[in-house]
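I have placed the structure first, in the form of structure tokens, so that the comments after it can refer back to it.
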Amino acid sequence: MAADKDTPDNFPDSSGRTMVTLDDYYTAARPLVESCAWDYIDGGSGDETTLRENLAGYRRYRLRPRVLVDVSRIDMHTTLLGSPVALPIAVAPMGFHGLVTPEAESACALAAGDAGALMVVSTFSTTRLEDVARVARGPLWMQLYVFRDRAVSEDLVKRAEAAGYRALVVTVDAPVRGRRVRDLRNAFALPPGLAPANFPDTCADGSSAELAAQLARRIDPAFTWDDLAWLRSLTRLPVVLKGVVTAEDAARAAELGVAAIVVSNHGGRQLDGSVTALDALPEVVSAVAGRCEVLIDGGIRRGSDVLIALALGARAVLVGRPVLWGMAVSAAEGARDVLSILGSELETAMALCGRTDLAALDASLLHPASRHPS
């Protein structure tokens with residue numbers, strides 16, 4: 001399998017602990033990351049109900065394996081907006097990788113490329129988007145926030161296209177910042193010396209000023225459907241909308257020619273009580289009716305989770321926090337192993353379900369789990 005060709009199945013951390021699941025990386029990473037930074041990465045908004053439900057949603061399905069199928073070869077290759085990838089697993093956009101390792105987004109890009117996965121680079125990366133592109137070994141998409149100062153966003157779009165990024169991923173579920181209680185209590189700010197590298201003079205001053213207030217003042221809460229035409233006029237890159245969870249918005253996006261949708265509730269970091277991405281996925285897939293590609297993020301922790309999302313119609317999944325756990329433990333090597341573990345688990349699950357390629361995954365694979373009264 002391409003995803004783990006260079007990675008052992010039992011990767012040890014610095015203490016010699018054997019790392020065989022993503023939860024192993026969670027446990028190993030937690031003491032290595034400063035507590036305020038950990039809360040920023042790990043936390044959600046409000047009571048964190050949606051954060052928990054993103055994980056629980058995958059437990060509401062059981063698999064229906066088929067037997068006596070030749071599973072000697074499992075093919076997990078696919079394309080994402082025309083870019084070939086070895087896995088239907090991509091790295092979700094996450095800001096400030098420098099919180100977990102000095103190599104930051106460059107380490108993540110190396111890991112994604114080695115695993116045969118696509119990476120989405122955040123507007124708020126701690127490595128310049130051009131520097132990430134220089135070291136990348138696989139396809140990159142650029143995540144974009146639209147700023148009140150549209151010239152700032154326009155500059156980012158043009159830089160991303162010039163650097164070889166293959167799509168723009170516009171985050172649409174954060175017109176204002178969700179109330180992330182852990183960050184509010186911690187008065188979270190970037191540590192000295194760490195800043196959004198794509199515009200350090202514009203969006204951060206490197207001081208102890210509270211980060212959320214800085215960024216919230218710059219993201220444009222008036223960005224609407226009518227502005228998509230302006231955005232598309234800036235570039236030849238395909239536009240992806242990230243943060244869609246309803247059939248109504250999905251249908252409108254498809255009608256406007258959006259190339260792909262990421263079904264997402266921002267990892268539970270925006271509106272607490274929002275529908276989970278997995279619960280929203282079937283209605284989004286139905287609404288777009290093949291007019292654009294559909295991806296999903298939020299709550300992926302096992303290869304069987306990937307299988308469930310693909311069976312419900314996603315073309316691929318995006319994985320966020322676990323990649324940062326891997327980077328905290330061992331930079332690029334750790335992130336690559338996280339992706340390899342997911343790929344290996346997906347390969348095993350496909351084989352045990354009697355499905356030899358991604359085209360064979362559909363809703364007939366799934367059965368709702370029994371719900372017992374509490």
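Lettering and numbering for the structure tokens are positional, with chains as A, B, ... in the shown order, residues counted from 1 in each chain, and ligands counted from 1 in the shown order.
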So that I can see what lies close to region 82-98 of chain A, please list as a CSV table (one decimal) with all heavy atoms, in the first residue's frame the residues with an atom at most 8 Å from it, counting only C-alpha atoms and leaving out residues fewer than 3 positions away in the same chain.
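Listing of out_14.csv after writing:
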chain,number,residue,atom,x,y,z
A,2,ALA,N,0.6,2.2,-0.9
A,2,ALA,CA,1.4,3.4,-1.0
A,2,ALA,C,1.5,4.2,0.3
A,2,ALA,O,2.6,4.7,0.6
A,2,ALA,CB,0.8,4.3,-2.1
A,3,ALA,N,0.5,4.2,1.1
A,3,ALA,CA,0.5,5.1,2.2
A,3,ALA,C,1.5,4.7,3.3
A,3,ALA,O,1.9,5.5,4.1
A,3,ALA,CB,-0.9,5.1,2.9
A,76,MET,N,-6.9,1.9,-3.1
A,76,MET,CA,-7.5,3.1,-2.5
A,76,MET,C,-7.2,4.4,-3.2
A,76,MET,O,-7.4,5.5,-2.7
A,76,MET,CB,-6.9,3.2,-1.0
A,76,MET,CG,-7.3,2.0,-0.2
A,76,MET,SD,-6.8,2.2,1.6
A,76,MET,CE,-5.1,2.1,1.4
A,77,HIS,N,-6.6,4.3,-4.4
A,77,HIS,CA,-6.3,5.5,-5.2
A,77,HIS,C,-7.6,6.2,-5.7
A,77,HIS,O,-8.6,5.6,-5.9
A,77,HIS,CB,-5.5,5.2,-6.4
A,77,HIS,CG,-4.1,4.7,-6.1
A,77,HIS,ND1,-3.8,3.5,-5.6
A,77,HIS,CD2,-2.9,5.4,-6.2
A,77,HIS,CE1,-2.5,3.4,-5.4
A,77,HIS,NE2,-1.9,4.6,-5.8
A,78,THR,N,-7.5,7.6,-5.7
A,78,THR,CA,-8.6,8.3,-6.3
A,78,THR,C,-8.0,9.6,-6.8
A,78,THR,O,-6.8,9.8,-6.9
A,78,THR,CB,-9.7,8.6,-5.2
A,78,THR,OG1,-10.8,9.2,-5.7
A,78,THR,CG2,-9.1,9.5,-4.1
A,79,THR,N,-8.9,10.6,-7.2
A,79,THR,CA,-8.5,11.9,-7.6
A,79,THR,C,-9.4,12.9,-6.8
A,79,THR,O,-10.5,12.6,-6.5
A,79,THR,CB,-8.7,12.2,-9.1
A,79,THR,OG1,-10.1,12.0,-9.4
A,79,THR,CG2,-7.8,11.2,-9.9
A,101,THR,N,5.4,22.1,16.6
A,101,THR,CA,6.7,21.7,16.2
A,101,THR,C,7.4,22.9,15.4
A,101,THR,O,6.6,23.5,14.7
A,101,THR,CB,6.7,20.4,15.3
A,101,THR,OG1,8.1,20.1,14.9
A,101,THR,CG2,5.9,20.6,14.0
A,102,PRO,N,8.7,23.1,15.6
A,102,PRO,CA,9.3,24.2,14.9
A,102,PRO,C,9.2,24.1,13.4
A,102,PRO,O,9.2,25.1,12.6
A,102,PRO,CB,10.7,24.2,15.4
A,102,PRO,CG,10.7,23.5,16.7
A,102,PRO,CD,9.6,22.5,16.6
A,103,GLU,N,9.2,22.8,12.9
A,103,GLU,CA,9.1,22.6,11.4
A,103,GLU,C,7.8,23.0,10.8
A,103,GLU,O,7.6,23.1,9.6
A,103,GLU,CB,9.5,21.2,11.1
A,103,GLU,CG,10.9,20.8,11.3
A,103,GLU,CD,11.1,19.9,12.5
A,103,GLU,OE1,10.7,20.2,13.6
A,103,GLU,OE2,11.5,18.7,12.2
A,104,ALA,N,6.8,23.1,11.7
A,104,ALA,CA,5.4,23.6,11.3
A,104,ALA,C,4.9,23.0,10.1
A,104,ALA,O,5.0,21.8,9.8
A,104,ALA,CB,5.5,25.1,11.2
A,105,GLU,N,4.3,23.8,9.2
A,105,GLU,CA,3.6,23.3,8.0
A,105,GLU,C,4.5,22.6,7.0
A,105,GLU,O,4.0,21.8,6.2
A,105,GLU,CB,2.8,24.5,7.3
A,105,GLU,CG,1.6,25.0,8.1
A,105,GLU,CD,1.9,25.9,9.2
A,105,GLU,OE1,3.1,26.3,9.4
A,105,GLU,OE2,1.0,26.2,10.0
A,112,ALA,N,2.4,14.6,4.3
A,112,ALA,CA,1.3,14.3,3.4
A,112,ALA,C,1.8,13.8,2.0
A,112,ALA,O,1.2,12.8,1.5
A,112,ALA,CB,0.5,15.6,3.2
A,115,ALA,N,2.8,10.2,2.3
A,115,ALA,CA,1.7,9.3,2.5
A,115,ALA,C,0.8,9.2,1.2
A,115,ALA,O,-0.1,8.4,1.2
A,115,ALA,CB,0.8,9.7,3.7
A,116,GLY,N,1.1,10.0,0.2
A,116,GLY,CA,0.3,10.1,-1.0
A,116,GLY,C,-1.0,10.8,-0.8
A,116,GLY,O,-2.0,10.5,-1.4
A,117,ALA,N,-1.0,11.8,0.2
A,117,ALA,CA,-2.2,12.5,0.5
A,117,ALA,C,-2.1,13.9,0.1
A,117,ALA,O,-1.1,14.5,0.0
A,117,ALA,CB,-2.5,12.4,2.0
A,118,LEU,N,-3.3,14.6,-0.1
A,118,LEU,CA,-3.4,16.0,-0.3
A,118,LEU,C,-3.4,16.8,1.0
A,118,LEU,O,-3.9,16.3,2.0
A,118,LEU,CB,-4.7,16.3,-1.1
A,118,LEU,CG,-5.0,17.7,-1.5
A,118,LEU,CD1,-5.7,17.7,-2.9
A,118,LEU,CD2,-5.9,18.4,-0.5
A,119,MET,N,-2.8,18.0,1.0
A,119,MET,CA,-2.8,18.9,2.1
A,119,MET,C,-3.5,20.2,1.8
A,119,MET,O,-3.3,20.7,0.7
A,119,MET,CB,-1.4,19.1,2.6
A,119,MET,CG,-1.3,20.1,3.8
A,119,MET,SD,0.4,20.4,4.2
A,119,MET,CE,0.2,21.7,5.5
A,120,VAL,N,-4.3,20.6,2.7
A,120,VAL,CA,-4.9,22.0,2.6
A,120,VAL,C,-4.2,22.9,3.6
A,120,VAL,O,-4.2,22.6,4.8
A,120,VAL,CB,-6.5,21.9,2.9
A,120,VAL,CG1,-7.1,23.3,2.6
A,120,VAL,CG2,-7.2,20.9,2.1
A,121,VAL,N,-3.6,23.9,3.1
A,121,VAL,CA,-2.8,24.8,3.9
A,121,VAL,C,-3.6,26.0,4.4
A,121,VAL,O,-4.4,26.6,3.6
A,121,VAL,CB,-1.6,25.3,3.1
A,121,VAL,CG1,-0.7,26.3,3.9
A,121,VAL,CG2,-0.7,24.2,2.6
A,122,SER,N,-3.6,26.3,5.6
A,122,SER,CA,-4.4,27.4,6.2
A,122,SER,C,-3.9,28.8,5.9
A,122,SER,O,-2.7,29.0,5.8
A,122,SER,CB,-4.4,27.2,7.8
A,122,SER,OG,-5.1,28.3,8.4
A,123,THR,N,-4.9,29.7,5.8
A,123,THR,CA,-4.5,31.1,5.7
A,123,THR,C,-3.6,31.5,6.9
A,123,THR,O,-2.6,32.2,6.7
A,123,THR,CB,-5.8,32.0,5.8
A,123,THR,OG1,-6.5,31.9,4.6
A,123,THR,CG2,-5.5,33.4,6.1
A,124,PHE,N,-3.9,30.9,8.0
A,124,PHE,CA,-3.1,31.3,9.2
A,124,PHE,C,-2.0,30.3,9.5
A,124,PHE,O,-1.8,29.9,10.7
A,124,PHE,CB,-4.1,31.4,10.4
A,124,PHE,CG,-5.1,32.5,10.3
A,124,PHE,CD1,-6.4,32.3,10.3
A,124,PHE,CD2,-4.6,33.8,10.1
A,124,PHE,CE1,-7.3,33.3,10.2
A,124,PHE,CE2,-5.5,34.9,9.9
A,124,PHE,CZ,-6.9,34.6,10.0
A,125,SER,N,-1.3,29.9,8.5
A,125,SER,CA,-0.1,29.0,8.7
A,125,SER,C,1.0,29.8,9.3
A,125,SER,O,1.1,31.0,9.2
A,125,SER,CB,0.3,28.4,7.3
A,125,SER,OG,0.7,29.5,6.4
A,126,THR,N,1.9,29.1,10.0
A,126,THR,CA,3.1,29.8,10.6
A,126,THR,C,4.3,29.6,9.7
A,126,THR,O,5.4,29.9,10.1
A,126,THR,CB,3.4,29.2,12.0
A,126,THR,OG1,3.3,27.8,12.0
A,126,THR,CG2,2.3,29.8,13.0
A,139,PRO,N,0.0,17.2,-3.8
A,139,PRO,CA,-0.9,18.3,-4.2
A,139,PRO,C,-1.2,19.2,-3.0
A,139,PRO,O,-1.4,18.6,-1.9
A,139,PRO,CB,-2.1,17.7,-4.8
A,139,PRO,CG,-2.1,16.3,-4.3
A,139,PRO,CD,-0.7,15.9,-4.1
A,143,GLN,N,-6.5,27.1,1.9
A,143,GLN,CA,-7.7,27.6,2.6
A,143,GLN,C,-7.7,29.1,2.7
A,143,GLN,O,-6.6,29.7,3.0
A,143,GLN,CB,-7.7,26.9,4.0
A,143,GLN,CG,-8.9,27.3,4.8
A,143,GLN,CD,-8.6,28.5,5.7
A,143,GLN,OE1,-7.5,28.8,6.0
A,143,GLN,NE2,-9.7,29.2,6.0
A,194,LEU,N,6.0,33.7,17.2
A,194,LEU,CA,5.1,32.9,16.3
A,194,LEU,C,4.0,33.8,15.8
A,194,LEU,O,3.4,34.5,16.6
A,194,LEU,CB,4.5,31.7,17.0
A,194,LEU,CG,4.0,30.5,16.2
A,194,LEU,CD1,5.1,29.9,15.4
A,194,LEU,CD2,3.3,29.5,17.1
A,195,ALA,N,3.8,33.8,14.5
A,195,ALA,CA,2.8,34.7,13.9
A,195,ALA,C,2.3,34.1,12.6
A,195,ALA,O,2.9,33.2,12.0
A,195,ALA,CB,3.4,36.1,13.6
A,196,PRO,N,1.1,34.5,12.1
A,196,PRO,CA,0.6,34.1,10.8
A,196,PRO,C,1.6,34.6,9.8
A,196,PRO,O,1.7,35.7,9.5
A,196,PRO,CB,-0.7,34.8,10.7
A,196,PRO,CG,-1.1,35.1,12.1
A,196,PRO,CD,0.2,35.4,12.8
A,297,ASP,N,-15.1,16.6,6.9
A,297,ASP,CA,-14.1,16.5,8.0
A,297,ASP,C,-14.9,16.5,9.3
A,297,ASP,O,-16.1,16.7,9.4
A,297,ASP,CB,-13.1,17.7,7.9
A,297,ASP,CG,-13.7,19.0,8.4
A,297,ASP,OD1,-14.8,19.1,8.7
A,297,ASP,OD2,-12.9,20.0,8.3
A,306,VAL,N,-13.4,6.4,8.1
A,306,VAL,CA,-13.2,6.8,6.7
A,306,VAL,C,-14.1,6.0,5.8
A,306,VAL,O,-14.8,6.5,4.9
A,306,VAL,CB,-11.8,6.6,6.2
A,306,VAL,CG1,-11.6,7.1,4.8
A,306,VAL,CG2,-10.8,7.4,7.2
A,315,ARG,N,-16.3,11.8,-1.2
A,315,ARG,CA,-15.2,11.4,-2.1
A,315,ARG,C,-13.9,11.1,-1.3
A,315,ARG,O,-13.0,10.3,-1.7
A,315,ARG,CB,-14.9,12.4,-3.2
A,315,ARG,CG,-13.9,11.9,-4.3
A,315,ARG,CD,-13.9,12.8,-5.5
A,315,ARG,NE,-13.1,12.3,-6.5
A,315,ARG,CZ,-13.5,11.5,-7.5
A,315,ARG,NH1,-14.8,11.1,-7.5
A,315,ARG,NH2,-12.7,11.0,-8.4
A,316,ALA,N,-13.7,11.9,-0.2
A,316,ALA,CA,-12.6,11.8,0.6
A,316,ALA,C,-12.9,12.4,2.0
A,316,ALA,O,-13.9,13.1,2.1
A,316,ALA,CB,-11.3,12.5,0.0
A,317,VAL,N,-12.0,12.2,2.9
A,317,VAL,CA,-12.2,12.8,4.3
A,317,VAL,C,-11.0,13.7,4.5
A,317,VAL,O,-9.9,13.5,4.0
A,317,VAL,CB,-12.3,11.8,5.4
A,317,VAL,CG1,-13.4,10.8,5.1
A,317,VAL,CG2,-11.0,11.0,5.6
A,318,LEU,N,-11.2,14.7,5.3
A,318,LEU,CA,-10.1,15.6,5.8
A,318,LEU,C,-9.9,15.3,7.3
A,318,LEU,O,-10.8,15.2,8.0
A,318,LEU,CB,-10.4,17.1,5.6
A,318,LEU,CG,-10.2,17.7,4.2
A,318,LEU,CD1,-11.1,17.0,3.1
A,318,LEU,CD2,-10.4,19.2,4.2
A,319,VAL,N,-8.6,15.2,7.7
A,319,VAL,CA,-8.2,14.9,9.0
A,319,VAL,C,-7.4,16.0,9.6
A,319,VAL,O,-6.5,16.5,9.0
A,319,VAL,CB,-7.5,13.6,9.1
A,319,VAL,CG1,-7.0,13.3,10.5
A,319,VAL,CG2,-8.3,12.4,8.5
A,320,GLY,N,-7.8,16.5,10.8
A,320,GLY,CA,-7.2,17.7,11.4
A,320,GLY,C,-6.3,17.4,12.6
A,320,GLY,O,-5.2,17.1,12.5
A,323,VAL,N,-3.4,14.8,13.0
A,323,VAL,CA,-2.1,15.1,12.3
A,323,VAL,C,-1.2,16.0,13.2
A,323,VAL,O,0.0,15.8,13.3
A,323,VAL,CB,-2.4,15.8,11.0
A,323,VAL,CG1,-1.1,16.3,10.3
A,323,VAL,CG2,-3.2,14.9,10.0
A,324,LEU,N,-1.8,16.9,13.9
A,324,LEU,CA,-1.1,17.8,14.8
A,324,LEU,C,-0.5,16.9,16.0
A,324,LEU,O,0.6,17.2,16.5
A,324,LEU,CB,-1.9,18.9,15.4
A,324,LEU,CG,-2.4,20.0,14.4
A,324,LEU,CD1,-3.2,21.0,15.0
A,324,LEU,CD2,-1.2,20.6,13.7
A,339,LEU,N,-1.2,9.4,9.2
A,339,LEU,CA,-1.8,9.1,7.9
A,339,LEU,C,-1.7,7.7,7.5
A,339,LEU,O,-2.6,7.1,6.9
A,339,LEU,CB,-1.3,10.1,6.9
A,339,LEU,CG,-1.5,11.5,7.1
A,339,LEU,CD1,-0.7,12.4,6.1
A,339,LEU,CD2,-3.0,11.9,7.0
A,343,GLY,N,-4.6,4.9,6.8
A,343,GLY,CA,-4.6,4.2,5.5
A,343,GLY,C,-4.6,2.7,5.7
A,343,GLY,O,-5.3,2.0,5.0
Can you list every residue in region 34-272 of chain A that DSSP puts in strand (DSSP E), as a PyMOL selection string? chain A and resi 61-63+78-80+83-85+89-91+119-121+140-144+168-171+239-244+260-263
Write out, as an mmCIF file, in the first residue's frame, the residues just selected, with N, CA and C atoms.
data_model
loop_
_atom_site.group_PDB
_atom_site.id
_atom_site.type_symbol
_atom_site.label_atom_id
_atom_site.label_comp_id
_atom_site.auth_asym_id
_atom_site.auth_seq_id
_atom_site.Cartn_x
_atom_site.Cartn_y
_atom_site.Cartn_z
ATOM 1 N N TYR A 61 -23.207 3.729 13.277
ATOM 2 C CA TYR A 61 -23.278 2.825 12.125
ATOM 3 C C TYR A 61 -22.523 1.536 12.428
ATOM 4 N N ARG A 62 -23.006 0.452 11.834
ATOM 5 C CA ARG A 62 -22.309 -0.826 11.838
ATOM 6 C C ARG A 62 -22.068 -1.220 10.376
ATOM 7 N N LEU A 63 -21.056 -2.027 10.154
ATOM 8 C CA LEU A 63 -20.685 -2.440 8.802
ATOM 9 C C LEU A 63 -21.308 -3.787 8.459
ATOM 10 N N THR A 78 -7.494 7.554 -5.742
ATOM 11 C CA THR A 78 -8.601 8.346 -6.252
ATOM 12 C C THR A 78 -8.038 9.648 -6.803
ATOM 13 N N THR A 79 -8.917 10.550 -7.184
ATOM 14 C CA THR A 79 -8.513 11.901 -7.579
ATOM 15 C C THR A 79 -9.362 12.896 -6.809
ATOM 16 N N LEU A 80 -8.783 14.052 -6.517
ATOM 17 C CA LEU A 80 -9.489 15.147 -5.885
ATOM 18 C C LEU A 80 -9.357 16.361 -6.780
ATOM 19 N N SER A 83 -6.572 15.850 -9.200
ATOM 20 C CA SER A 83 -5.237 15.533 -8.696
ATOM 21 C C SER A 83 -5.206 14.101 -8.185
ATOM 22 N N PRO A 84 -4.346 13.245 -8.750
ATOM 23 C CA PRO A 84 -4.265 11.866 -8.267
ATOM 24 C C PRO A 84 -3.689 11.810 -6.850
ATOM 25 N N VAL A 85 -4.289 10.985 -6.007
ATOM 26 C CA VAL A 85 -3.797 10.758 -4.649
ATOM 27 C C VAL A 85 -3.884 9.272 -4.350
ATOM 28 N N ILE A 89 -7.808 10.374 1.852
ATOM 29 C CA ILE A 89 -7.586 11.021 3.147
ATOM 30 C C ILE A 89 -6.694 12.231 2.902
ATOM 31 N N ALA A 90 -7.152 13.405 3.293
ATOM 32 C CA ALA A 90 -6.380 14.630 3.116
ATOM 33 C C ALA A 90 -6.172 15.301 4.467
ATOM 34 N N VAL A 91 -5.190 16.196 4.524
ATOM 35 C CA VAL A 91 -4.936 16.967 5.737
ATOM 36 C C VAL A 91 -5.812 18.209 5.714
ATOM 37 N N MET A 119 -2.818 17.984 0.952
ATOM 38 C CA MET A 119 -2.818 18.853 2.130
ATOM 39 C C MET A 119 -3.498 20.172 1.803
ATOM 40 N N VAL A 120 -4.346 20.642 2.732
ATOM 41 C CA VAL A 120 -4.944 21.971 2.624
ATOM 42 C C VAL A 120 -4.218 22.884 3.604
ATOM 43 N N VAL A 121 -3.602 23.924 3.093
ATOM 44 C CA VAL A 121 -2.787 24.828 3.907
ATOM 45 C C VAL A 121 -3.647 25.996 4.370
ATOM 46 N N LEU A 140 -1.350 20.472 -3.160
ATOM 47 C CA LEU A 140 -1.750 21.404 -2.112
ATOM 48 C C LEU A 140 -2.977 22.184 -2.547
ATOM 49 N N TRP A 141 -3.894 22.394 -1.611
ATOM 50 C CA TRP A 141 -4.966 23.363 -1.765
ATOM 51 C C TRP A 141 -4.737 24.457 -0.741
ATOM 52 N N MET A 142 -5.252 25.648 -1.009
ATOM 53 C CA MET A 142 -5.091 26.785 -0.105
ATOM 54 C C MET A 142 -6.421 27.142 0.527
ATOM 55 N N GLN A 143 -6.479 27.113 1.859
ATOM 56 C CA GLN A 143 -7.679 27.554 2.569
ATOM 57 C C GLN A 143 -7.660 29.065 2.694
ATOM 58 N N LEU A 144 -8.823 29.685 2.494
ATOM 59 C CA LEU A 144 -8.906 31.139 2.460
ATOM 60 C C LEU A 144 -10.017 31.649 3.363
ATOM 61 N N LEU A 168 -8.764 26.648 -4.216
ATOM 62 C CA LEU A 168 -9.013 27.539 -3.089
ATOM 63 C C LEU A 168 -10.141 26.958 -2.250
ATOM 64 N N VAL A 169 -9.900 26.809 -0.961
ATOM 65 C CA VAL A 169 -10.896 26.270 -0.043
ATOM 66 C C VAL A 169 -11.376 27.421 0.834
ATOM 67 N N VAL A 170 -12.555 27.932 0.540
ATOM 68 C CA VAL A 170 -13.071 29.108 1.227
ATOM 69 C C VAL A 170 -13.888 28.651 2.441
ATOM 70 N N THR A 171 -13.441 29.044 3.629
ATOM 71 C CA THR A 171 -14.175 28.708 4.848
ATOM 72 C C THR A 171 -15.370 29.635 4.983
ATOM 73 N N VAL A 239 -12.906 26.607 -6.956
ATOM 74 C CA VAL A 239 -13.292 27.093 -5.636
ATOM 75 C C VAL A 239 -14.047 25.991 -4.890
ATOM 76 N N VAL A 240 -13.626 25.756 -3.653
ATOM 77 C CA VAL A 240 -14.234 24.779 -2.763
ATOM 78 C C VAL A 240 -14.836 25.553 -1.590
ATOM 79 N N LEU A 241 -16.057 25.188 -1.177
ATOM 80 C CA LEU A 241 -16.658 25.795 0.003
ATOM 81 C C LEU A 241 -16.565 24.828 1.174
ATOM 82 N N LYS A 242 -15.993 25.286 2.274
ATOM 83 C CA LYS A 242 -15.831 24.451 3.469
ATOM 84 C C LYS A 242 -16.710 24.996 4.587
ATOM 85 N N GLY A 243 -17.586 24.124 5.097
ATOM 86 C CA GLY A 243 -18.458 24.529 6.181
ATOM 87 C C GLY A 243 -19.932 24.446 5.837
ATOM 88 N N VAL A 244 -20.288 23.689 4.811
ATOM 89 C CA VAL A 244 -21.682 23.512 4.382
ATOM 90 C C VAL A 244 -22.265 22.283 5.083
ATOM 91 N N ALA A 260 -16.262 21.914 -5.386
ATOM 92 C CA ALA A 260 -16.370 20.912 -4.325
ATOM 93 C C ALA A 260 -16.911 21.569 -3.071
ATOM 94 N N ILE A 261 -17.449 20.735 -2.202
ATOM 95 C CA ILE A 261 -17.959 21.151 -0.893
ATOM 96 C C ILE A 261 -17.285 20.292 0.160
ATOM 97 N N VAL A 262 -16.880 20.917 1.260
ATOM 98 C CA VAL A 262 -16.447 20.172 2.434
ATOM 99 C C VAL A 262 -17.555 20.274 3.475
ATOM 100 N N VAL A 263 -18.194 19.149 3.757
ATOM 101 C CA VAL A 263 -19.217 19.103 4.790
ATOM 102 C C VAL A 263 -18.496 19.157 6.136
#
Just want the 12 Å neighbourhood of His367 (chain A), counted on only C-alpha atoms, with same-chain residues fewer than 6 positions away dropped. Output as a CSV table (one decimal) with all heavy atoms, in the first residue's frame.
chain,number,residue,atom,x,y,z
A,58,TYR,N,-19.9,8.5,14.3
A,58,TYR,CA,-19.5,7.3,13.5
A,58,TYR,C,-19.8,6.0,14.3
A,58,TYR,O,-19.9,4.9,13.6
A,58,TYR,CB,-18.0,7.4,13.3
A,58,TYR,CG,-17.6,8.4,12.3
A,58,TYR,CD1,-17.3,9.7,12.7
A,58,TYR,CD2,-17.6,8.1,11.0
A,58,TYR,CE1,-17.0,10.7,11.7
A,58,TYR,CE2,-17.3,9.1,10.0
A,58,TYR,CZ,-17.0,10.4,10.4
A,58,TYR,OH,-16.8,11.3,9.5
A,59,ARG,N,-20.1,6.1,15.5
A,59,ARG,CA,-20.5,4.9,16.3
A,59,ARG,C,-22.0,4.6,16.1
A,59,ARG,O,-22.5,3.5,16.5
A,59,ARG,CB,-20.3,5.1,17.8
A,59,ARG,CG,-18.9,5.6,18.2
A,59,ARG,CD,-17.8,4.6,18.1
A,59,ARG,NE,-17.3,4.4,16.7
A,59,ARG,CZ,-16.5,5.2,16.1
A,59,ARG,NH1,-16.0,6.3,16.7
A,59,ARG,NH2,-16.1,5.0,14.9
A,60,ARG,N,-22.7,5.4,15.3
A,60,ARG,CA,-24.1,5.1,15.0
A,60,ARG,C,-24.3,4.2,13.8
A,60,ARG,O,-25.4,4.0,13.4
A,60,ARG,CB,-24.9,6.4,14.9
A,60,ARG,CG,-25.0,7.2,16.2
A,60,ARG,CD,-26.0,8.3,16.1
A,60,ARG,NE,-25.6,9.5,15.4
A,60,ARG,CZ,-25.0,10.6,16.0
A,60,ARG,NH1,-24.8,10.5,17.3
A,60,ARG,NH2,-24.6,11.6,15.3
A,61,TYR,N,-23.2,3.7,13.3
A,61,TYR,CA,-23.3,2.8,12.1
A,61,TYR,C,-22.5,1.5,12.4
A,61,TYR,O,-21.5,1.5,13.2
A,61,TYR,CB,-22.7,3.5,10.9
A,61,TYR,CG,-23.5,4.6,10.3
A,61,TYR,CD1,-23.2,5.9,10.7
A,61,TYR,CD2,-24.5,4.3,9.4
A,61,TYR,CE1,-24.0,6.9,10.2
A,61,TYR,CE2,-25.3,5.4,8.9
A,61,TYR,CZ,-25.0,6.7,9.3
A,61,TYR,OH,-25.8,7.7,8.8
A,62,ARG,N,-23.0,0.5,11.8
A,62,ARG,CA,-22.3,-0.8,11.8
A,62,ARG,C,-22.1,-1.2,10.4
A,62,ARG,O,-22.8,-0.8,9.5
A,62,ARG,CB,-23.1,-1.9,12.6
A,62,ARG,CG,-23.3,-1.6,14.0
A,62,ARG,CD,-22.0,-1.7,14.8
A,62,ARG,NE,-22.2,-1.5,16.3
A,62,ARG,CZ,-22.1,-0.3,16.8
A,62,ARG,NH1,-21.7,0.8,16.1
A,62,ARG,NH2,-22.3,-0.2,18.1
A,63,LEU,N,-21.1,-2.0,10.2
A,63,LEU,CA,-20.7,-2.4,8.8
A,63,LEU,C,-21.3,-3.8,8.5
A,63,LEU,O,-21.5,-4.7,9.3
A,63,LEU,CB,-19.2,-2.5,8.7
A,63,LEU,CG,-18.4,-1.2,9.0
A,63,LEU,CD1,-16.9,-1.4,9.0
A,63,LEU,CD2,-18.8,-0.2,7.9
A,64,ARG,N,-21.6,-4.0,7.2
A,64,ARG,CA,-22.2,-5.2,6.7
A,64,ARG,C,-21.2,-5.9,5.7
A,64,ARG,O,-21.3,-5.6,4.5
A,64,ARG,CB,-23.5,-4.9,5.9
A,64,ARG,CG,-24.6,-4.2,6.8
A,64,ARG,CD,-25.9,-3.9,6.0
A,64,ARG,NE,-26.5,-5.2,5.5
A,64,ARG,CZ,-26.6,-5.5,4.3
A,64,ARG,NH1,-26.1,-4.8,3.3
A,64,ARG,NH2,-27.3,-6.6,3.9
A,65,PRO,N,-20.3,-6.7,6.3
A,65,PRO,CA,-19.3,-7.2,5.4
A,65,PRO,C,-19.8,-8.3,4.5
A,65,PRO,O,-20.7,-9.1,4.8
A,65,PRO,CB,-18.3,-7.8,6.4
A,65,PRO,CG,-19.1,-8.1,7.7
A,65,PRO,CD,-20.2,-7.0,7.7
A,308,ILE,N,-17.0,4.6,6.5
A,308,ILE,CA,-18.4,5.0,6.7
A,308,ILE,C,-18.7,6.2,5.9
A,308,ILE,O,-19.7,6.4,5.2
A,308,ILE,CB,-18.7,5.2,8.2
A,308,ILE,CG1,-18.7,3.8,8.9
A,308,ILE,CG2,-20.0,5.9,8.4
A,308,ILE,CD1,-18.7,3.9,10.4
A,311,ALA,N,-18.8,5.5,2.2
A,311,ALA,CA,-20.0,4.7,1.9
A,311,ALA,C,-21.3,5.6,1.9
A,311,ALA,O,-22.2,5.4,1.1
A,311,ALA,CB,-20.2,3.6,2.9
A,312,LEU,N,-21.2,6.7,2.6
A,312,LEU,CA,-22.3,7.7,2.6
A,312,LEU,C,-22.2,8.8,1.5
A,312,LEU,O,-23.0,9.7,1.4
A,312,LEU,CB,-22.4,8.4,4.0
A,312,LEU,CG,-22.9,7.5,5.1
A,312,LEU,CD1,-22.9,8.3,6.4
A,312,LEU,CD2,-24.4,7.1,4.8
